[in-house]
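Following: one structure in structure tokens, then a few remarks.
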Amino acid sequence: MTTHAYARYVAIGDSQTEGVGDGDEVHGYRGWADRLAEILAEGNPEFGYANLAVRGRLTARIKAEQLAPALALRPDLVTVMAGMNDLVRPGFDAAQVAGDIEDMFTELTAAGARVATVTFPDLGRISPLARRALPRVLDLNARIRAAADRHGVAVLDTFPHRVTTDPRLWSTDRLHASPLGHARIAAGMADALGIPGHEDWIRPLLPPPPPVSTLRALAAEAAWFAGFMGPWVWRRLRGRSSGDGREAKRPELAPMASSERA
């Protein structure tokens, strides 16, 4: 049964919103935005959903490439998830990134859309090599919350909740949510938007993960760096992006197919 007034949902952002980590290159990616659209489409087969997100996009490029097309679709709901690709790069400027995010909030809310966004979890709890990023995360999160407050934007605040760094919510690359993680983000977004029945998105996972020996943890770090972090750094050195040559997977508003909502 429909418990909200949204009929036209547009998602903008990067790889998390595209759905990387929840699917594959052969069968496609689902992701939290698709899952949120499935929740919103329940009982409303005419509900329209578009996903303009493209992996690897920096916040400035998301604003430059996705904001105008999103506005052109006349959405009544827009989710904005941006900043992670900026945060992990040298020369990160929290004020600039937050300014671009706020610019999107300004234009989308002025057009009459309800907007929702998200803060970032403590990356160091996901990967020890990311512990030095904590000041950046805290700074950007504070700026996102402040901007959201100024524009009446709903916020899924992931940072305070320890469950958001449970390794089972993250894919093996530690950069993208796992299918379970994407499902939790979708439920959290629904809860942030006031959709009833999704308040338990912050519940801990049971049972707790088994302890890992120091040797195995070090081996896992080495394997992760060789398999995922190393190639990521190599792309950055060459000025390449995982999103080069890619386009939005769902550029037009369309109803959710029954197979997508199954």
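Residues in the structure tokens are named by chain (A, B, ... in the order shown) and by number from 1 within that chain; ligands are numbered from 1 in the order shown.
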
Expected answer as a VMD selection string: alpha helix (DSSP H) residues in stretch 20-156 of chain A: chain A and resid 31 to 41 59 to 72 84 to 87 94 to 110 123 to 126 134 to 151

Residues within 12 Å of stretch 67-75 of chain A, only C-alpha atoms, excluding chain neighbours under 3 positions, as a PyMOL selection string: chain A and resi 5-13+47-53+59-64+78-80+100-115+248+250-254

Produce a file of the selected residues containing N, CA and C atoms, as a short mmCIF file (atom, residue, chain, number, x, y, z; two decimals), in the first residue's frame.
```cif
data_model
loop_
_atom_site.label_atom_id
_atom_site.label_comp_id
_atom_site.auth_asym_id
_atom_site.auth_seq_id
_atom_site.Cartn_x
_atom_site.Cartn_y
_atom_site.Cartn_z
N ALA A 5 3.56 10.38 -0.87
CA ALA A 5 3.00 11.13 -2.00
C ALA A 5 3.95 11.18 -3.19
N TYR A 6 5.06 10.46 -3.14
CA TYR A 6 6.04 10.55 -4.21
C TYR A 6 5.62 9.74 -5.43
N ALA A 7 5.79 10.34 -6.60
CA ALA A 7 5.43 9.67 -7.85
C ALA A 7 6.56 9.69 -8.86
N ARG A 8 7.57 10.57 -8.65
CA ARG A 8 8.64 10.74 -9.64
C ARG A 8 9.96 10.87 -8.88
N TYR A 9 10.71 9.77 -8.81
CA TYR A 9 11.95 9.71 -8.05
C TYR A 9 13.15 9.66 -8.98
N VAL A 10 14.12 10.56 -8.74
CA VAL A 10 15.37 10.59 -9.50
C VAL A 10 16.54 10.47 -8.53
N ALA A 11 17.45 9.55 -8.81
CA ALA A 11 18.66 9.36 -8.01
C ALA A 11 19.86 9.89 -8.76
N ILE A 12 20.68 10.72 -8.09
CA ILE A 12 21.92 11.19 -8.70
C ILE A 12 23.09 10.87 -7.78
N GLY A 13 24.27 10.66 -8.38
CA GLY A 13 25.42 10.32 -7.56
C GLY A 13 26.49 9.56 -8.32
N PHE A 47 4.43 4.48 -10.52
CA PHE A 47 5.54 5.21 -9.91
C PHE A 47 6.73 5.24 -10.86
N GLY A 48 7.31 6.43 -11.09
CA GLY A 48 8.42 6.57 -12.03
C GLY A 48 9.75 6.74 -11.33
N TYR A 49 10.77 6.11 -11.88
CA TYR A 49 12.10 6.13 -11.27
C TYR A 49 13.16 6.26 -12.34
N ALA A 50 14.12 7.17 -12.11
CA ALA A 50 15.29 7.33 -12.99
C ALA A 50 16.53 7.33 -12.12
N ASN A 51 17.61 6.77 -12.65
CA ASN A 51 18.89 6.74 -11.92
C ASN A 51 19.96 7.29 -12.86
N LEU A 52 20.46 8.48 -12.56
CA LEU A 52 21.43 9.17 -13.40
C LEU A 52 22.87 8.97 -12.92
N ALA A 53 23.07 8.20 -11.87
CA ALA A 53 24.40 8.06 -11.27
C ALA A 53 25.35 7.30 -12.18
N THR A 59 32.13 15.13 -7.17
CA THR A 59 30.92 15.90 -6.88
C THR A 59 30.69 17.01 -7.90
N ALA A 60 31.74 17.72 -8.29
CA ALA A 60 31.57 18.81 -9.26
C ALA A 60 31.03 18.28 -10.58
N ARG A 61 31.46 17.09 -10.96
CA ARG A 61 30.99 16.53 -12.22
C ARG A 61 29.55 16.01 -12.09
N ILE A 62 29.21 15.52 -10.92
CA ILE A 62 27.82 15.12 -10.69
C ILE A 62 26.91 16.33 -10.86
N LYS A 63 27.32 17.45 -10.26
CA LYS A 63 26.52 18.67 -10.39
C LYS A 63 26.46 19.12 -11.85
N ALA A 64 27.59 19.08 -12.54
CA ALA A 64 27.64 19.57 -13.91
C ALA A 64 26.86 18.69 -14.88
N VAL A 78 14.29 13.46 -4.91
CA VAL A 78 15.64 13.27 -5.44
C VAL A 78 16.54 12.86 -4.29
N THR A 79 17.36 11.83 -4.52
CA THR A 79 18.40 11.49 -3.56
C THR A 79 19.74 11.94 -4.14
N VAL A 80 20.57 12.52 -3.27
CA VAL A 80 21.89 13.00 -3.65
C VAL A 80 22.92 12.32 -2.77
N ASP A 100 29.35 22.34 -3.60
CA ASP A 100 28.69 21.75 -4.77
C ASP A 100 27.44 20.96 -4.36
N ILE A 101 27.55 20.24 -3.26
CA ILE A 101 26.39 19.49 -2.78
C ILE A 101 25.26 20.45 -2.40
N GLU A 102 25.61 21.54 -1.71
CA GLU A 102 24.58 22.50 -1.32
C GLU A 102 23.96 23.18 -2.54
N ASP A 103 24.76 23.44 -3.56
CA ASP A 103 24.20 24.00 -4.79
C ASP A 103 23.11 23.09 -5.35
N MET A 104 23.35 21.78 -5.30
CA MET A 104 22.34 20.84 -5.78
C MET A 104 21.11 20.87 -4.89
N PHE A 105 21.32 20.92 -3.57
CA PHE A 105 20.19 21.04 -2.65
C PHE A 105 19.35 22.28 -3.00
N THR A 106 20.04 23.40 -3.23
CA THR A 106 19.37 24.67 -3.49
C THR A 106 18.47 24.58 -4.72
N GLU A 107 19.02 24.08 -5.82
CA GLU A 107 18.26 24.05 -7.06
C GLU A 107 17.13 23.01 -7.01
N LEU A 108 17.39 21.87 -6.42
CA LEU A 108 16.38 20.82 -6.38
C LEU A 108 15.21 21.20 -5.48
N THR A 109 15.50 21.75 -4.30
CA THR A 109 14.42 22.13 -3.41
C THR A 109 13.65 23.33 -3.97
N ALA A 110 14.36 24.24 -4.64
CA ALA A 110 13.68 25.39 -5.26
C ALA A 110 12.70 24.94 -6.33
N ALA A 111 12.99 23.79 -6.96
CA ALA A 111 12.11 23.25 -8.00
C ALA A 111 10.93 22.48 -7.40
N GLY A 112 10.90 22.38 -6.07
CA GLY A 112 9.78 21.72 -5.41
C GLY A 112 10.01 20.27 -5.06
N ALA A 113 11.21 19.75 -5.27
CA ALA A 113 11.48 18.34 -4.97
C ALA A 113 11.82 18.15 -3.49
N ARG A 114 11.40 17.03 -2.94
CA ARG A 114 11.89 16.58 -1.64
C ARG A 114 13.25 15.98 -1.90
N VAL A 115 14.23 16.34 -1.08
CA VAL A 115 15.60 15.87 -1.29
C VAL A 115 16.06 15.09 -0.07
N ALA A 248 24.49 6.87 -17.68
CA ALA A 248 23.50 6.51 -16.66
C ALA A 248 22.75 5.25 -17.07
N ARG A 250 19.78 4.34 -16.09
CA ARG A 250 18.31 4.51 -16.16
C ARG A 250 18.03 6.01 -16.34
N PRO A 251 18.31 6.55 -17.53
CA PRO A 251 18.27 8.01 -17.72
C PRO A 251 16.89 8.63 -17.80
N GLU A 252 15.86 7.83 -17.95
CA GLU A 252 14.50 8.36 -18.06
C GLU A 252 13.61 7.79 -16.97
N LEU A 253 12.62 8.56 -16.56
CA LEU A 253 11.64 8.06 -15.61
C LEU A 253 10.86 6.91 -16.23
N ALA A 254 10.75 5.84 -15.49
CA ALA A 254 9.98 4.69 -15.98
C ALA A 254 9.46 3.92 -14.78
#
```

Spatial neighbours of stretch 139-156 of chain A, max dist 6 Å, only C-alpha atoms, sep filter under 4 positions, as a list in words: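 Counting only C-alpha atoms, the residues come to Ala94, Glu102, Val115, Ala116, Thr117, Val118, Thr119, Met189 and Ala192 of chain A.
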
Which residue of A:Arg203, A:His4, A:His27, A:Arg55 approaches A:His176 most closely, using only C-alpha atoms: A:Arg55

Distance in Å - atom CA of A:Phe92 versus atom CA of A:Trp32: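 Between these atoms lies a distance of 26.0 Å.
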
Stretch 13-246 of chain A: residues DSSP assigns to strand (DSSP E), reported as number ranges by chain: A: 13, 23-24, 28-29, 48-51, 77-81, 114-118, 154-156

Interatomic distance (Å, one decimal) between atom CA of A:Leu180 and atom CA of A:Ala37: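 According to the coordinates, atom CA of A:Leu180 and atom CA of A:Ala37 are separated by 16.2 Å.
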
Exercise: A:Gly83 partners within 8 Å, only C-alpha atoms, chain neighbours under 6 positions left out, as a PyMOL selection string: chain A and resi 58-59+97-98

Can you tell me, as a PDB file with C-alpha atoms, in the first residue's frame, what residues are no more than 12 Å from A:Asp24 when counting only C-alpha atoms, ignoring any on the same chain fewer than 5 positions away?
```
ATOM      1  CA  GLU A  18      24.573   3.259  -9.500  1.00  0.00           C
ATOM      2  CA  GLY A  19      24.547   0.071  -7.418  1.00  0.00           C
ATOM      3  CA  TYR A  29      23.476  -3.668 -10.802  1.00  0.00           C
ATOM      4  CA  ARG A  30      20.569  -3.223  -8.424  1.00  0.00           C
ATOM      5  CA  GLY A  31      21.806  -1.068  -5.524  1.00  0.00           C
ATOM      6  CA  SER A 171      31.758  -5.869  -0.639  1.00  0.00           C
ATOM      7  CA  SER A 178      27.381  -5.454  -0.403  1.00  0.00           C
ATOM      8  CA  PRO A 179      23.834  -6.509  -1.351  1.00  0.00           C
TER       9      PRO A 179
END
```

Closest of A:Ala41, A:Leu138, A:Leu193, A:Leu123 to A:Thr164 - atom-to-atom distances counting only C-alpha atoms: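 Distance minimum relative to A:Thr164 lands on A:Leu123.
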
Within 9 Å of A:Ala133 using only C-alpha atoms, minus same-chain residues under 4 positions, as a list in words: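 Near A:Ala133, the qualifying residues are Leu87, Val88, Asp122, Leu123, Gly124, Leu129, Val137 and Leu138 of chain A.
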
Atom CA of A:Leu175 to atom CA of A:Val212, distance in Å rounded to a single decimal: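 Here the two named atoms are 20.4 Å from each other.
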
Best match for closeness to A:Pro211 among A:Ser15, A:Pro255, A:Pro167, A:Ala187, counting only C-alpha atoms: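 Nearest candidate to A:Pro211 out of A:Ser15, A:Pro255, A:Pro167, A:Ala187: A:Pro167.
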
Nearest residue to A:Leu40 from the set A:His198, A:Leu205, A:Thr3, A:Asn85 (distances using only C-alpha atoms):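 For A:Leu40, the nearest of the given residues is A:Thr3.
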